[in-house]
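**Student:** upload-v4.cif is reproduced in full below (mmCIF, C-alpha atoms and all ligand atoms).
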```cif
data_start
#
loop_
_atom_site.label_atom_id
_atom_site.label_comp_id
_atom_site.auth_asym_id
_atom_site.auth_seq_id
_atom_site.Cartn_x
_atom_site.Cartn_y
_atom_site.Cartn_z
CA MET A 6 0.00 0.00 0.00
CA ARG A 7 2.73 2.37 1.05
CA ARG A 8 4.61 1.51 -2.10
CA LEU A 9 1.53 2.09 -4.21
CA MET A 10 0.97 5.50 -2.68
CA TYR A 11 4.57 6.59 -3.24
CA GLU A 12 4.37 5.27 -6.76
CA ALA A 13 1.25 7.35 -7.41
CA ARG A 14 2.94 10.45 -6.11
CA ALA A 15 6.04 9.83 -8.16
CA GLN A 16 3.85 9.53 -11.23
CA LEU A 17 2.07 12.77 -10.38
CA ALA A 18 5.19 14.80 -9.69
CA SER A 19 5.25 17.95 -11.80
CA PRO A 20 7.12 21.24 -11.70
CA VAL A 21 3.90 23.11 -10.95
CA ARG A 22 3.07 20.86 -8.03
CA ASN A 23 5.20 22.60 -5.43
CA PRO A 24 4.54 24.53 -2.22
CA ARG A 25 5.33 27.86 -3.83
CA MET A 26 2.63 27.37 -6.47
CA ALA A 27 0.24 26.11 -3.79
CA THR A 28 0.93 29.33 -1.88
CA VAL A 29 0.51 31.59 -4.91
CA ILE A 30 -2.81 30.05 -5.96
CA GLY A 31 -3.88 29.71 -2.34
CA ARG A 32 -3.38 33.42 -1.76
CA LEU A 33 -5.55 34.35 -4.73
CA LEU A 34 -8.19 31.87 -3.66
CA GLY A 35 -8.05 33.21 -0.11
CA LEU A 36 -8.53 36.76 -1.40
CA ALA A 37 -11.48 35.71 -3.55
CA PHE A 38 -13.09 33.91 -0.60
CA LEU A 39 -12.53 36.91 1.66
CA LEU A 40 -14.20 39.22 -0.87
CA CYS A 41 -17.11 36.80 -1.20
CA PHE A 42 -17.47 36.47 2.55
CA GLY A 43 -17.37 40.21 3.28
CA THR A 44 -19.76 41.20 0.51
CA GLY A 45 -21.95 38.21 1.33
CA LEU A 46 -22.30 39.27 4.96
CA PHE A 47 -23.13 42.81 3.82
CA SER A 48 -25.83 41.49 1.51
CA HIS A 49 -27.16 39.17 4.21
CA PHE A 50 -27.50 41.91 6.82
CA LEU A 51 -29.06 44.33 4.35
CA GLN A 52 -31.80 41.76 3.90
CA GLN A 53 -31.94 40.54 7.49
CA PRO A 54 -30.62 43.38 9.64
CA LEU A 55 -30.00 43.03 13.35
CA PRO A 56 -32.16 45.49 15.30
CA TRP A 57 -29.38 48.06 15.88
CA MET A 58 -28.11 48.12 12.30
CA THR A 59 -28.33 51.11 9.96
CA PHE A 60 -26.81 51.23 6.50
CA PRO A 61 -25.17 53.88 4.36
CA THR A 62 -27.35 55.15 1.52
CA ARG A 63 -24.37 56.62 -0.39
CA PRO A 64 -22.82 55.96 -2.78
CA VAL A 65 -26.10 55.02 -4.43
CA GLY A 66 -24.34 52.19 -6.27
CA LEU A 67 -22.84 50.70 -3.12
CA TYR A 68 -24.79 47.47 -3.35
CA GLN A 69 -24.24 47.33 -7.09
CA VAL A 70 -20.48 47.34 -6.50
CA SER A 71 -20.55 45.07 -3.48
CA GLN A 72 -22.82 42.44 -5.01
CA GLY A 73 -21.07 42.72 -8.38
CA THR A 74 -17.82 41.97 -6.53
CA HIS A 75 -19.45 39.05 -4.74
CA ILE A 76 -20.49 37.38 -7.98
CA ILE A 77 -17.27 38.20 -9.87
CA ALA A 78 -15.05 36.88 -7.07
CA GLY A 79 -17.29 33.81 -6.75
CA ILE A 80 -16.99 33.07 -10.45
CA ALA A 81 -13.19 33.53 -10.27
CA CYS A 82 -13.14 30.83 -7.57
CA PHE A 83 -13.98 28.12 -10.12
CA PRO A 84 -10.66 28.20 -12.05
CA LEU A 85 -8.71 29.11 -8.90
CA LEU A 86 -10.12 26.20 -6.91
CA LEU A 87 -9.51 23.79 -9.78
CA ALA A 88 -5.93 25.06 -10.13
CA LYS A 89 -5.31 24.68 -6.42
CA LEU A 90 -6.71 21.14 -6.45
CA TYR A 91 -4.49 20.32 -9.41
CA VAL A 92 -1.40 21.59 -7.60
CA VAL A 93 -2.03 19.69 -4.36
CA PHE A 94 -3.60 16.60 -5.92
CA PRO A 95 -0.69 14.23 -5.12
CA GLN A 96 -1.23 14.99 -1.42
CA LEU A 97 -4.27 12.78 -1.67
CA PHE A 98 -1.92 9.80 -1.80
CA GLN A 99 -0.23 10.48 1.51
CA TYR A 100 0.67 7.30 3.36
CA PRO A 101 -0.12 6.56 6.08
CA PRO A 102 -3.31 8.56 5.57
CA VAL A 103 -2.84 10.33 8.91
CA THR A 104 0.53 10.89 10.56
CA SER A 105 -0.32 13.01 13.61
CA PHE A 106 -3.16 14.86 15.28
CA ALA A 107 -2.21 18.10 13.53
CA ASN A 108 -2.09 16.18 10.27
CA PHE A 109 -5.54 14.72 10.94
CA LEU A 110 -6.92 18.16 11.73
CA GLU A 111 -5.43 19.50 8.56
CA ARG A 112 -6.71 16.75 6.31
CA ALA A 113 -10.17 16.91 7.85
CA SER A 114 -10.31 20.68 7.46
CA ILE A 115 -9.24 20.42 3.83
CA ALA A 116 -11.84 17.77 3.08
CA LEU A 117 -14.48 19.98 4.64
CA PHE A 118 -13.16 23.05 2.87
CA VAL A 119 -13.05 21.48 -0.58
CA GLY A 120 -16.49 19.91 -0.27
CA ALA A 121 -18.14 23.01 1.14
CA SER A 122 -16.47 25.34 -1.39
CA LEU A 123 -17.48 23.24 -4.37
CA VAL A 124 -21.09 23.15 -3.20
CA GLU A 125 -21.03 26.85 -2.29
CA ILE A 126 -19.80 28.20 -5.61
CA THR A 127 -21.90 25.75 -7.60
CA ILE A 128 -25.21 26.62 -5.94
CA GLY A 129 -24.18 30.30 -6.04
CA LEU A 130 -23.64 30.11 -9.79
CA LEU A 131 -26.89 28.23 -10.36
CA ASN A 132 -28.66 30.89 -8.31
CA THR A 133 -27.46 33.61 -10.68
CA TYR A 134 -29.28 31.68 -13.39
CA GLN A 135 -32.33 31.34 -11.13
CA TRP A 136 -32.06 27.59 -11.36
CA TYR A 137 -32.67 25.67 -8.15
CA PRO A 138 -32.32 21.96 -8.91
CA PHE A 139 -31.30 21.21 -5.32
CA PRO A 140 -33.78 20.20 -2.62
CA PHE A 141 -32.66 22.67 0.08
CA PRO A 142 -33.29 26.40 0.58
CA PHE A 143 -30.55 28.33 -1.20
CA LYS A 144 -30.17 31.32 1.09
CA GLN A 145 -29.79 29.50 4.39
CA VAL A 146 -27.43 26.87 2.98
CA HIS A 147 -25.30 29.42 1.11
CA PHE A 148 -25.02 31.44 4.34
CA ALA A 149 -24.22 28.47 6.60
CA LEU A 150 -21.63 27.01 4.22
CA ALA A 151 -19.79 30.36 4.18
CA PHE A 152 -18.99 29.84 7.86
CA VAL A 153 -17.96 26.23 7.31
CA ILE A 154 -15.61 27.44 4.58
CA VAL A 155 -14.10 30.29 6.57
CA GLY A 156 -13.71 28.08 9.65
CA SER A 157 -12.01 25.23 7.81
CA LEU A 158 -9.91 27.73 5.86
CA LEU A 159 -8.62 29.25 9.10
CA VAL A 160 -7.65 25.79 10.42
CA HIS A 161 -5.98 24.99 7.10
CA ILE A 162 -4.02 28.26 7.05
CA GLY A 163 -3.09 27.83 10.70
CA VAL A 164 -1.65 24.37 10.13
CA LYS A 165 0.10 25.38 6.92
CA LEU A 166 1.44 28.68 8.25
CA PRO A 167 5.11 27.61 8.31
CA LEU A 168 4.87 26.38 4.72
CA ILE A 169 2.98 29.47 3.60
CA ALA A 170 5.50 31.77 5.30
CA ALA A 171 8.40 29.90 3.72
CA HIS A 172 6.91 30.27 0.25
CA TRP A 173 5.23 33.64 0.55
CA ARG A 174 7.94 35.31 -1.50
CA ALA A 175 9.41 33.78 -4.62
CA GLU A 176 12.97 32.67 -4.15
CA PRO A 177 15.35 34.92 -6.11
CA ALA A 178 16.81 31.97 -7.99
CA PRO A 179 15.24 28.56 -8.01
CA GLY A 180 16.93 26.77 -5.13
CA PRO A 181 17.04 23.01 -5.09
CA GLU A 182 14.22 22.98 -2.55
CA GLU A 183 11.90 24.92 -4.77
CA ARG A 184 12.21 22.30 -7.41
CA HIS A 185 10.96 19.60 -5.08
CA PRO A 186 7.32 18.91 -5.63
CA VAL A 187 5.27 19.43 -2.54
CA ASP A 188 4.59 15.73 -2.17
CA THR A 189 8.24 14.72 -2.01
CA VAL A 190 9.13 17.36 0.52
CA GLU A 191 6.39 16.09 2.74
CA ALA A 192 7.00 12.43 2.07
CA THR A 193 10.60 12.75 3.19
CA SER A 194 9.96 14.87 6.23
CA ALA A 195 6.66 13.48 7.41
CA ASP A 196 7.59 9.89 7.68
CA ASP A 197 11.20 8.89 8.22
CA GLU A 198 10.42 5.26 8.73
CA GLY A 199 8.49 5.14 5.51
CA LEU A 200 11.37 6.84 3.82
CA SER A 201 13.91 4.26 4.87
CA ARG A 202 11.67 1.43 3.79
CA THR A 203 11.01 2.91 0.42
CA ARG A 204 14.34 4.57 -0.11
CA GLY A 205 14.63 3.14 -3.56
CA LEU A 206 11.35 4.63 -4.64
CA THR A 207 11.83 8.02 -2.98
CA GLY A 208 15.27 8.09 -4.49
CA ARG A 209 13.66 7.63 -7.85
CA VAL A 210 11.23 10.45 -7.14
CA LEU A 211 14.09 12.77 -6.22
CA ALA A 212 16.08 11.67 -9.22
CA TYR A 213 13.08 12.34 -11.43
CA ILE A 214 12.68 15.83 -10.05
CA ASP A 215 16.37 16.62 -10.23
CA SER A 216 16.41 15.43 -13.78
CA THR A 217 13.60 17.84 -14.63
CA PRO A 218 15.51 20.42 -16.65
CA GLU A 219 15.50 23.93 -15.25
CA LEU A 220 14.11 25.73 -18.26
CA PRO A 221 11.04 23.58 -18.93
CA ALA A 222 10.24 23.63 -15.21
CA ARG A 223 10.22 27.42 -15.17
CA THR A 224 8.36 27.58 -18.44
CA SER A 225 5.74 25.14 -17.33
CA ARG A 226 5.24 27.07 -14.09
CA ARG A 227 4.76 30.27 -16.09
CA GLY A 228 2.55 28.43 -18.53
CA PHE A 229 0.45 27.07 -15.70
CA LEU A 230 0.00 30.51 -14.12
CA ALA A 231 -0.79 31.99 -17.53
CA THR A 232 -3.43 29.31 -18.08
CA VAL A 233 -5.01 30.00 -14.71
CA ALA A 234 -4.93 33.75 -15.35
CA LEU A 235 -6.50 33.26 -18.75
CA ALA A 236 -9.23 31.03 -17.31
CA VAL A 237 -10.03 33.60 -14.61
CA ALA A 238 -10.03 36.43 -17.16
CA ALA A 239 -12.33 34.41 -19.43
CA VAL A 240 -14.98 33.42 -16.89
CA VAL A 241 -14.94 36.85 -15.26
CA GLY A 242 -14.66 38.82 -18.51
CA LEU A 243 -17.52 36.99 -20.19
CA THR A 244 -19.96 37.52 -17.29
CA ALA A 245 -18.93 40.73 -15.48
CA GLY A 246 -20.76 42.86 -18.07
CA GLN A 247 -24.03 41.96 -16.38
CA THR A 248 -23.09 44.49 -13.71
CA PHE A 249 -19.98 46.28 -15.02
CA ALA A 250 -21.10 48.39 -17.99
CA PRO A 251 -17.75 48.62 -19.87
CA LEU A 252 -17.76 44.83 -20.31
CA ASP A 253 -21.35 44.73 -21.53
CA ALA A 254 -20.30 43.94 -25.10
CA VAL A 255 -18.57 40.71 -24.05
CA ASN A 256 -21.26 39.62 -21.57
CA VAL A 257 -21.79 36.25 -23.22
CA PHE A 258 -22.61 34.03 -20.28
CA GLY A 259 -24.15 36.44 -17.77
CA PRO A 260 -27.81 35.51 -17.29
CA ARG A 261 -28.93 39.15 -17.74
CA LYS A 262 -28.00 41.60 -20.43
CA LYS A 263 -28.03 45.35 -19.92
CA GLY A 264 -30.80 47.16 -21.74
CA VAL A 265 -32.73 43.95 -22.49
CA GLY A 266 -36.22 44.02 -21.02
CA GLN A 267 -39.19 46.36 -20.85
CA GLN A 268 -38.09 50.01 -20.87
CA GLY A 269 -34.48 48.93 -21.27
CA VAL A 270 -34.26 47.27 -17.85
CA PRO A 271 -34.15 43.51 -17.20
CA VAL A 272 -37.16 42.05 -15.40
CA ASN A 273 -36.47 39.68 -12.58
CA ARG A 274 -39.89 38.22 -11.93
CA THR A 275 -42.76 38.91 -14.25
CA SER A 276 -46.26 39.98 -13.30
CA ALA A 277 -47.46 36.58 -14.49
CA GLN A 278 -45.08 34.74 -12.16
CA ALA A 279 -46.13 37.02 -9.32
CA LYS A 280 -49.83 36.67 -10.29
CA VAL A 281 -50.49 40.35 -9.84
CA ALA A 282 -51.65 41.52 -13.27
CA THR A 283 -55.37 41.75 -12.48
CA ALA A 284 -54.93 43.60 -9.21
CA ALA A 285 -52.23 45.87 -10.62
CA LEU A 286 -54.29 46.90 -13.65
CA SER A 287 -57.51 47.33 -11.69
CA ALA A 288 -59.06 50.80 -11.75
CA ASP A 289 -59.66 50.45 -7.99
CA TRP A 290 -55.98 50.28 -7.14
CA VAL A 291 -54.88 52.55 -4.32
CA LEU A 292 -51.71 52.84 -2.28
CA THR A 293 -52.59 52.88 1.40
CA LEU A 294 -50.35 54.45 4.04
CA ALA A 295 -51.00 53.29 7.59
CA VAL A 296 -49.55 55.36 10.43
CA GLY A 297 -50.70 54.24 13.84
CA ASP A 298 -54.46 53.93 13.64
CA THR A 299 -54.93 56.28 10.71
CA GLU A 300 -54.90 55.20 7.10
CA ARG A 301 -54.74 57.30 4.00
CA SER A 302 -55.17 55.98 0.49
CA PHE A 303 -53.81 57.48 -2.72
CA SER A 304 -55.05 56.61 -6.18
CA ARG A 305 -52.53 56.70 -8.99
CA ALA A 306 -53.92 60.08 -10.04
CA ASP A 307 -53.45 61.34 -6.46
CA LEU A 308 -49.84 60.22 -6.51
CA ALA A 309 -49.23 61.76 -9.93
CA ALA A 310 -50.66 65.07 -8.68
CA LEU A 311 -48.07 65.29 -5.88
CA PRO A 312 -44.67 66.96 -6.55
CA GLN A 313 -42.54 64.64 -8.69
CA THR A 314 -38.82 64.02 -8.31
CA ASP A 315 -36.34 62.58 -10.83
CA VAL A 316 -33.52 60.31 -9.66
CA ASP A 317 -30.97 58.03 -11.31
CA LEU A 318 -30.65 54.84 -9.30
CA PRO A 319 -29.56 51.32 -10.15
CA ILE A 320 -31.50 48.14 -9.73
CA ALA A 321 -28.87 45.80 -8.27
CA CYS A 322 -30.01 42.23 -7.95
CA VAL A 323 -28.53 39.76 -5.46
CA GLU A 324 -28.08 37.51 -8.46
CA GLY A 325 -25.32 39.78 -9.72
CA TRP A 326 -26.86 41.79 -12.54
CA SER A 327 -27.46 45.48 -12.17
CA GLN A 328 -28.62 48.34 -14.30
CA MET A 329 -28.78 52.11 -13.91
CA ALA A 330 -32.16 53.67 -14.65
CA ALA A 331 -33.98 56.99 -14.50
CA TRP A 332 -36.95 57.03 -12.13
CA ARG A 333 -39.65 59.62 -11.53
CA GLY A 334 -42.13 59.63 -8.71
CA VAL A 335 -43.09 60.88 -5.26
CA ARG A 336 -40.49 61.20 -2.52
CA LEU A 337 -41.30 58.58 0.08
CA ARG A 338 -40.71 60.99 2.95
CA ASP A 339 -43.22 63.46 1.44
CA LEU A 340 -45.77 60.71 1.19
CA VAL A 341 -45.17 59.59 4.77
CA ASP A 342 -45.47 63.22 5.79
CA ALA A 343 -48.75 63.62 3.89
CA ALA A 344 -50.09 60.59 5.75
CA GLY A 345 -49.12 62.10 9.10
CA GLY A 346 -46.11 59.85 9.70
CA SER A 347 -42.55 60.61 10.73
CA PRO A 348 -39.54 60.02 8.47
CA GLU A 349 -37.80 58.61 11.54
CA SER A 350 -39.87 55.44 11.67
CA ASP A 351 -39.15 52.22 9.84
CA LEU A 352 -41.66 51.07 7.26
CA ARG A 353 -43.21 47.82 6.16
CA LEU A 354 -43.74 47.64 2.40
CA ILE A 355 -46.49 45.37 1.18
CA SER A 356 -46.91 44.26 -2.41
CA LEU A 357 -49.99 43.15 -4.29
CA GLU A 358 -48.16 39.86 -4.56
CA GLN A 359 -49.92 37.38 -2.30
CA ARG A 360 -47.26 34.78 -1.67
CA GLY A 361 -43.51 34.36 -1.26
CA GLY A 362 -40.68 36.46 0.08
CA PHE A 363 -41.48 39.54 -1.98
CA LYS A 364 -44.94 40.09 -0.58
CA GLN A 365 -43.64 42.06 2.39
CA THR A 366 -40.32 43.72 3.21
CA GLU A 367 -39.06 46.22 5.75
CA MET A 368 -37.22 49.48 5.22
CA GLY A 369 -35.03 51.23 7.79
CA SER A 370 -35.62 54.92 8.48
CA GLU A 371 -32.27 55.84 6.86
CA TYR A 372 -33.89 55.04 3.51
CA VAL A 373 -37.23 56.64 4.40
CA ARG A 374 -35.49 59.93 5.22
CA ASP A 375 -33.35 59.87 2.08
CA PRO A 376 -34.45 62.41 -0.57
CA LEU A 377 -33.61 59.90 -3.34
CA THR A 378 -36.05 57.25 -2.13
CA LEU A 379 -39.12 57.32 -4.33
CA VAL A 380 -42.43 55.67 -4.83
CA ALA A 381 -41.72 55.48 -8.54
CA LEU A 382 -44.42 56.02 -11.15
CA GLU A 383 -42.20 56.32 -14.22
CA LEU A 384 -39.13 54.58 -15.56
CA ASN A 385 -36.80 55.89 -18.25
CA GLY A 386 -39.26 58.56 -19.32
CA GLU A 387 -42.34 56.35 -19.60
CA ILE A 388 -45.14 55.24 -17.32
CA LEU A 389 -43.79 52.33 -15.30
CA ASP A 390 -44.32 49.09 -17.19
CA LEU A 391 -46.47 46.44 -15.51
CA GLU A 392 -43.38 44.22 -15.40
CA HIS A 393 -41.44 46.86 -13.49
CA GLY A 394 -44.11 47.32 -10.84
CA TYR A 395 -46.98 49.41 -12.25
CA PRO A 396 -48.90 51.19 -10.74
CA ALA A 397 -46.11 52.08 -8.26
CA ARG A 398 -42.89 50.55 -6.97
CA MET A 399 -40.23 51.41 -4.43
CA ILE A 400 -36.79 52.56 -5.48
CA ALA A 401 -34.18 53.50 -2.87
CA PRO A 402 -30.42 54.15 -2.99
CA GLY A 403 -27.91 51.46 -2.03
CA ARG A 404 -30.42 48.65 -1.48
CA PRO A 405 -30.52 45.15 -2.98
CA GLY A 406 -33.00 44.76 -5.84
CA VAL A 407 -34.94 42.23 -3.83
CA LEU A 408 -36.00 45.03 -1.46
CA GLN A 409 -37.16 47.35 -4.28
CA THR A 410 -40.76 46.22 -3.94
CA LYS A 411 -42.81 46.19 -7.13
CA TRP A 412 -46.62 46.49 -7.35
CA LEU A 413 -46.91 48.38 -4.06
CA SER A 414 -50.19 48.06 -2.23
CA ARG A 415 -49.64 49.26 1.31
CA ILE A 416 -47.02 51.02 3.43
CA GLU A 417 -47.15 50.74 7.20
CA ALA A 418 -45.17 52.67 9.79
CA ILE A 419 -43.57 50.32 12.29
CA ASP A 420 -43.82 51.69 15.82
CA ALA A 421 -40.42 52.32 17.31
N1 LIG B 501 -43.39 42.39 -5.55
C1 LIG B 501 -42.19 42.08 -6.06
N2 LIG B 501 -41.20 42.98 -6.01
C2 LIG B 501 -39.96 42.70 -6.50
C3 LIG B 501 -39.70 41.43 -7.04
C4 LIG B 501 -40.76 40.50 -7.09
O1 LIG B 501 -40.61 39.38 -7.58
N3 LIG B 501 -41.99 40.85 -6.59
N4 LIG B 501 -38.43 41.15 -7.49
C5 LIG B 501 -37.37 41.91 -6.83
C6 LIG B 501 -36.05 41.66 -7.39
S1 LIG B 501 -35.27 40.24 -6.90
C7 LIG B 501 -35.41 42.57 -8.16
S2 LIG B 501 -33.82 42.33 -8.64
C8 LIG B 501 -36.08 43.78 -8.62
C9 LIG B 501 -36.04 43.78 -10.12
O2 LIG B 501 -36.78 44.84 -10.61
P1 LIG B 501 -37.20 44.82 -12.13
O3 LIG B 501 -37.86 43.51 -12.42
O4 LIG B 501 -38.09 46.01 -12.31
O5 LIG B 501 -35.92 44.99 -12.89
O6 LIG B 501 -37.42 43.87 -8.16
C10 LIG B 501 -37.65 43.39 -6.87
N5 LIG B 501 -39.02 43.65 -6.47
MO MO B 502 -33.17 40.40 -7.47
#
```
Once more with this new file: its structure as structure tokens, please.
**Tutor:**
Amino acid sequence: MRRLMYEARAQLASPVRNPRMATVIGRLLGLAFLLCFGTGLFSHFLQQPLPWMTFPTRPVGLYQVSQGTHIIAGIACFPLLLAKLYVVFPQLFQYPPVTSFANFLERASIALFVGASLVEITIGLLNTYQWYPFPFPFKQVHFALAFVIVGSLLVHIGVKLPLIAAHWRAEPAPGPEERHPVDTVEATSADDEGLSRTRGLTGRVLAYIDSTPELPARTSRRGFLATVALAVAAVVGLTAGQTFAPLDAVNVFGPRKKGVGQQGVPVNRTSAQAKVATAALSADWVLTLAVGDTERSFSRADLAALPQTDVDLPIACVEGWSQMAAWRGVRLRDLVDAAGGSPESDLRLISLEQRGGFKQTEMGSEYVRDPLTLVALELNGEILDLEHGYPARMIAPGRPGVLQTKWLSRIEAIDA
């Protein structure tokens, strides 16, 4: 068995499979995960704030940038994770499978990390395509796995710290050690007894590595990095246009395309899916504001007769696409004022939609107060299309698209 494992590792030895490369790719992967985790937490708390939380409403594109980063970094994780797995693959054939408690901890944390990461980025990607072929709730699982990943990553980094530190900087000239594939270095140091028993084989591994000519080794390392860089550039470049306007022309694989949809804005869920068309087009529609025990209802004509404000604000979906648009409508704080409410109270926004997570959302007073927050009646110079929330929808700066409630029906002040 031991012999078989060493044999496998000898076969897999390659100039790119070394601790330096593992460190270089690992750093990039770590950065991508950190970006995903930070922006993910931001997105999570925007949607499920803790009671004391308030959020910045400027810059207005804050969520657009943060969620765009989340999706871009997540997509970059696919080639980076594959590259990292390629580099450390021979480690799978360590023998004996566990050499010490630290080694056990490390291997267990890596197993957890790899499994959780693969599931995390896969369901994340499928989510951007609004495809949910898995039998569990996306949001909760995506959130929980993030902590599994960060936890196991910390253990992994902790255990590997000496190796990471040793290979953080490139060696000025390739020393003999740098040319040892990661597996051989560990095979020789981790298990002296095993080494003596398989000296012939390990000797062959070392001979194989030493015989690897300098130039091809360097070239293949460069080639490997170039391939990884190209793969990252390709998957990011061909999707980032869904949020990052300059790359719009090469947005080949992004699920949403800028400017495609009613009034030049993508539609996330249609009125048919939301089953709101009849109620939304009804002549009886009113928007009711409830403050304490008093209610005041506004017809669409009432709303249109109030002072109108123009704002440019993006729709920025959690699924990674975003689009700037021009909105016209009534300032929310004026409307709250007209109904006898205070701009300092939080609001509950209720849609005509009868079921699902969009039917009711909450809005913190920082958005209610903001002069850019509108009950929008028009989009890009036309009466709001039914698909974009006619007769009236919410649009506020810096918020995730999912909280920009379409087909408004009722707004309630939440008592402080
Ligand atoms: N009532 C209701 N409001 C909603 C939605 C919805 O399905 N129902 N979708 C939300 C999501 S996820 C996004 S990204 C935006 C998209 O707005 P748009 O379809 O006008 O582009 O609306 C939000 N408001
Ligand atoms: Mo969304």
**Student:** Which one of A:Gly369, A:Gly334, A:Pro102, A:Gly156 sits closest to Met6 in chain A if you count only C-alpha atoms?
**Tutor:**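 So, comparing all the options, the nearest one is A:Pro102.
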**Student:** So which one's closest to Pro56 in chain A, A:Ala238, A:Leu379, A:Val103, A:Asp351? Using all atoms listed in the file, please.
**Tutor:**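 Using all atoms listed in the file, Pro56 in chain A sits closest to A:Asp351.
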**Student:** Mind running range 47-152 of chain A against range 7-27 of chain A at 10 Å and telling me each contacting residue's nearest atom pair with the distance in Å (one decimal), counting only C-alpha atoms, chain and number ascending, as CSV?
**Tutor:**
```
residue,atom,partner,partner_atom,distance
A:Ala88,CA,A:Ala27,CA,8.9
A:Lys89,CA,A:Ala27,CA,6.3
A:Leu90,CA,A:Ala27,CA,8.9
A:Tyr91,CA,A:Arg22,CA,7.7
A:Val92,CA,A:Arg22,CA,4.5
A:Val93,CA,A:Arg22,CA,6.4
A:Phe94,CA,A:Leu17,CA,8.2
A:Pro95,CA,A:Arg14,CA,5.3
A:Gln96,CA,A:Arg14,CA,7.7
A:Leu97,CA,A:Arg14,CA,8.8
A:Phe98,CA,A:Met10,CA,5.3
A:Gln99,CA,A:Met10,CA,6.6
A:Tyr100,CA,A:Arg7,CA,5.8
A:Pro101,CA,A:Arg7,CA,7.1
A:Pro102,CA,A:Arg7,CA,9.8
```
**Student:** Can you tell me, as a list in words, what residues are no more than 8 Å from range 272-275 of chain A when counting all atoms listed in the file, ignoring any on the same chain fewer than 3 positions away?
**Tutor:**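 The residues satisfying every condition are Gly266, Gln267, Gln278, Ala279, Glu392 and His393 of chain A.
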**Student:** Would you mind exporting C-alpha atoms of the selected residues as a CSV table (one decimal), keeping the file's coordinate frame?
**Tutor:**
```
chain,number,residue,atom,x,y,z
A,266,GLY,CA,-36.2,44.0,-21.0
A,267,GLN,CA,-39.2,46.4,-20.8
A,278,GLN,CA,-45.1,34.7,-12.2
A,279,ALA,CA,-46.1,37.0,-9.3
A,392,GLU,CA,-43.4,44.2,-15.4
A,393,HIS,CA,-41.4,46.9,-13.5
```
**Student:** Looking at A:Glu417, A:Glu358, A:Asp375, A:Glu383, which one is nearest to ligand LIG 501 (chain B), with distances taken over all atoms listed in the file?
**Tutor:**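 Looking only at the distances to ligand LIG 501 (chain B), the closest residue turns out to be A:Glu358.
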**Student:** Might I get the box with edges along x, y and z of the file that holds all atoms of ligand LIG 501 (chain B) listed there, padded by 5 Å on every side, given as centre and edge lengths in Å to one decimal, as lines of an AutoDock Vina configuration file?
**Tutor:**
```
center_x = -38.6
center_y = 42.7
center_z = -9.2
size_x = 19.6
size_y = 16.6
size_z = 17.3
```
**Student:** Which polymer residues, protein or nucleic acid, are no farther than 12 Å from (-18.0, 21.2, -4.6), counting all atoms listed in the file, as a list in words?
**Tutor:**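 Checked against the point, the hits come out as Cys82, Phe83, Leu86, Leu87, Leu90, Ala116, Leu117, Phe118, Val119, Gly120, Ala121, Ser122, Leu123, Val124, Glu125, Ile126, Thr127, Ile128, Gly129, Leu130, Leu150 and Ile154 of chain A.
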**Student:** Can you tell me which residues sit at most 10 Å away from ligand LIG 501 (chain B), counting all atoms listed in the file, written as a ChimeraX atom specification?
**Tutor:** /A:266-276,278-281,319-328,330,354-366,384,389-395,398-400,405-414
**Student:** For a quick check of understanding, using only C-alpha atoms and all ligand atoms, which of A:Phe47, A:Phe141, A:Tyr68, A:Phe303 has the smallest distance to ligand MO 502 (chain B)?
**Tutor:**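 Answer, going by the shortest atom-to-atom distance: A:Tyr68.
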**Student:** Point out the residue among A:Thr283, A:Gln52, A:Ser350, A:Thr104 with the least atom-to-atom distance to ligand MO 502 (chain B), counting all atoms listed in the file.
**Tutor:** A:Gln52
**Student:** Rank nothing, just name the residue among A:Gln69, A:Phe106, A:Ala236, A:Pro376 nearest to ligand MO 502 (chain B), using only C-alpha atoms and all ligand atoms.
**Tutor:** A:Gln69
**Student:** Take CA of Phe152 in chain A and CA of Phe50 in chain A and report the distance between them in Å, one decimal.
**Tutor:**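 Computed distance, CA of Phe152 in chain A to CA of Phe50 in chain A, equals 14.8 Å.
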**Student:** Write range 402-408 of chain A as an mmCIF file, in the frame of the given file, completed to N, CA and C atoms.
**Tutor:**
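Wrote it out as rebuild33.cif, contents follow:
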```
data_model
loop_
_atom_site.group_PDB
_atom_site.id
_atom_site.type_symbol
_atom_site.label_atom_id
_atom_site.label_comp_id
_atom_site.auth_asym_id
_atom_site.auth_seq_id
_atom_site.Cartn_x
_atom_site.Cartn_y
_atom_site.Cartn_z
ATOM 1 N N PRO A 402 -31.854 54.244 -2.712
ATOM 2 C CA PRO A 402 -30.420 54.150 -2.990
ATOM 3 C C PRO A 402 -29.718 53.092 -2.144
ATOM 4 N N GLY A 403 -28.795 52.353 -2.776
ATOM 5 C CA GLY A 403 -27.910 51.460 -2.030
ATOM 6 C C GLY A 403 -28.533 50.161 -1.545
ATOM 7 N N ARG A 404 -29.748 49.849 -1.997
ATOM 8 C CA ARG A 404 -30.420 48.650 -1.480
ATOM 9 C C ARG A 404 -30.388 47.517 -2.504
ATOM 10 N N PRO A 405 -30.417 46.265 -2.050
ATOM 11 C CA PRO A 405 -30.520 45.150 -2.980
ATOM 12 C C PRO A 405 -31.837 45.202 -3.743
ATOM 13 N N GLY A 406 -31.808 44.773 -4.998
ATOM 14 C CA GLY A 406 -33.000 44.760 -5.840
ATOM 15 C C GLY A 406 -34.176 44.072 -5.183
ATOM 16 N N VAL A 407 -33.882 43.025 -4.440
ATOM 17 C CA VAL A 407 -34.940 42.230 -3.830
ATOM 18 C C VAL A 407 -35.793 43.058 -2.869
ATOM 19 N N LEU A 408 -35.241 44.182 -2.380
ATOM 20 C CA LEU A 408 -36.000 45.030 -1.460
ATOM 21 C C LEU A 408 -36.690 46.200 -2.182
#
```
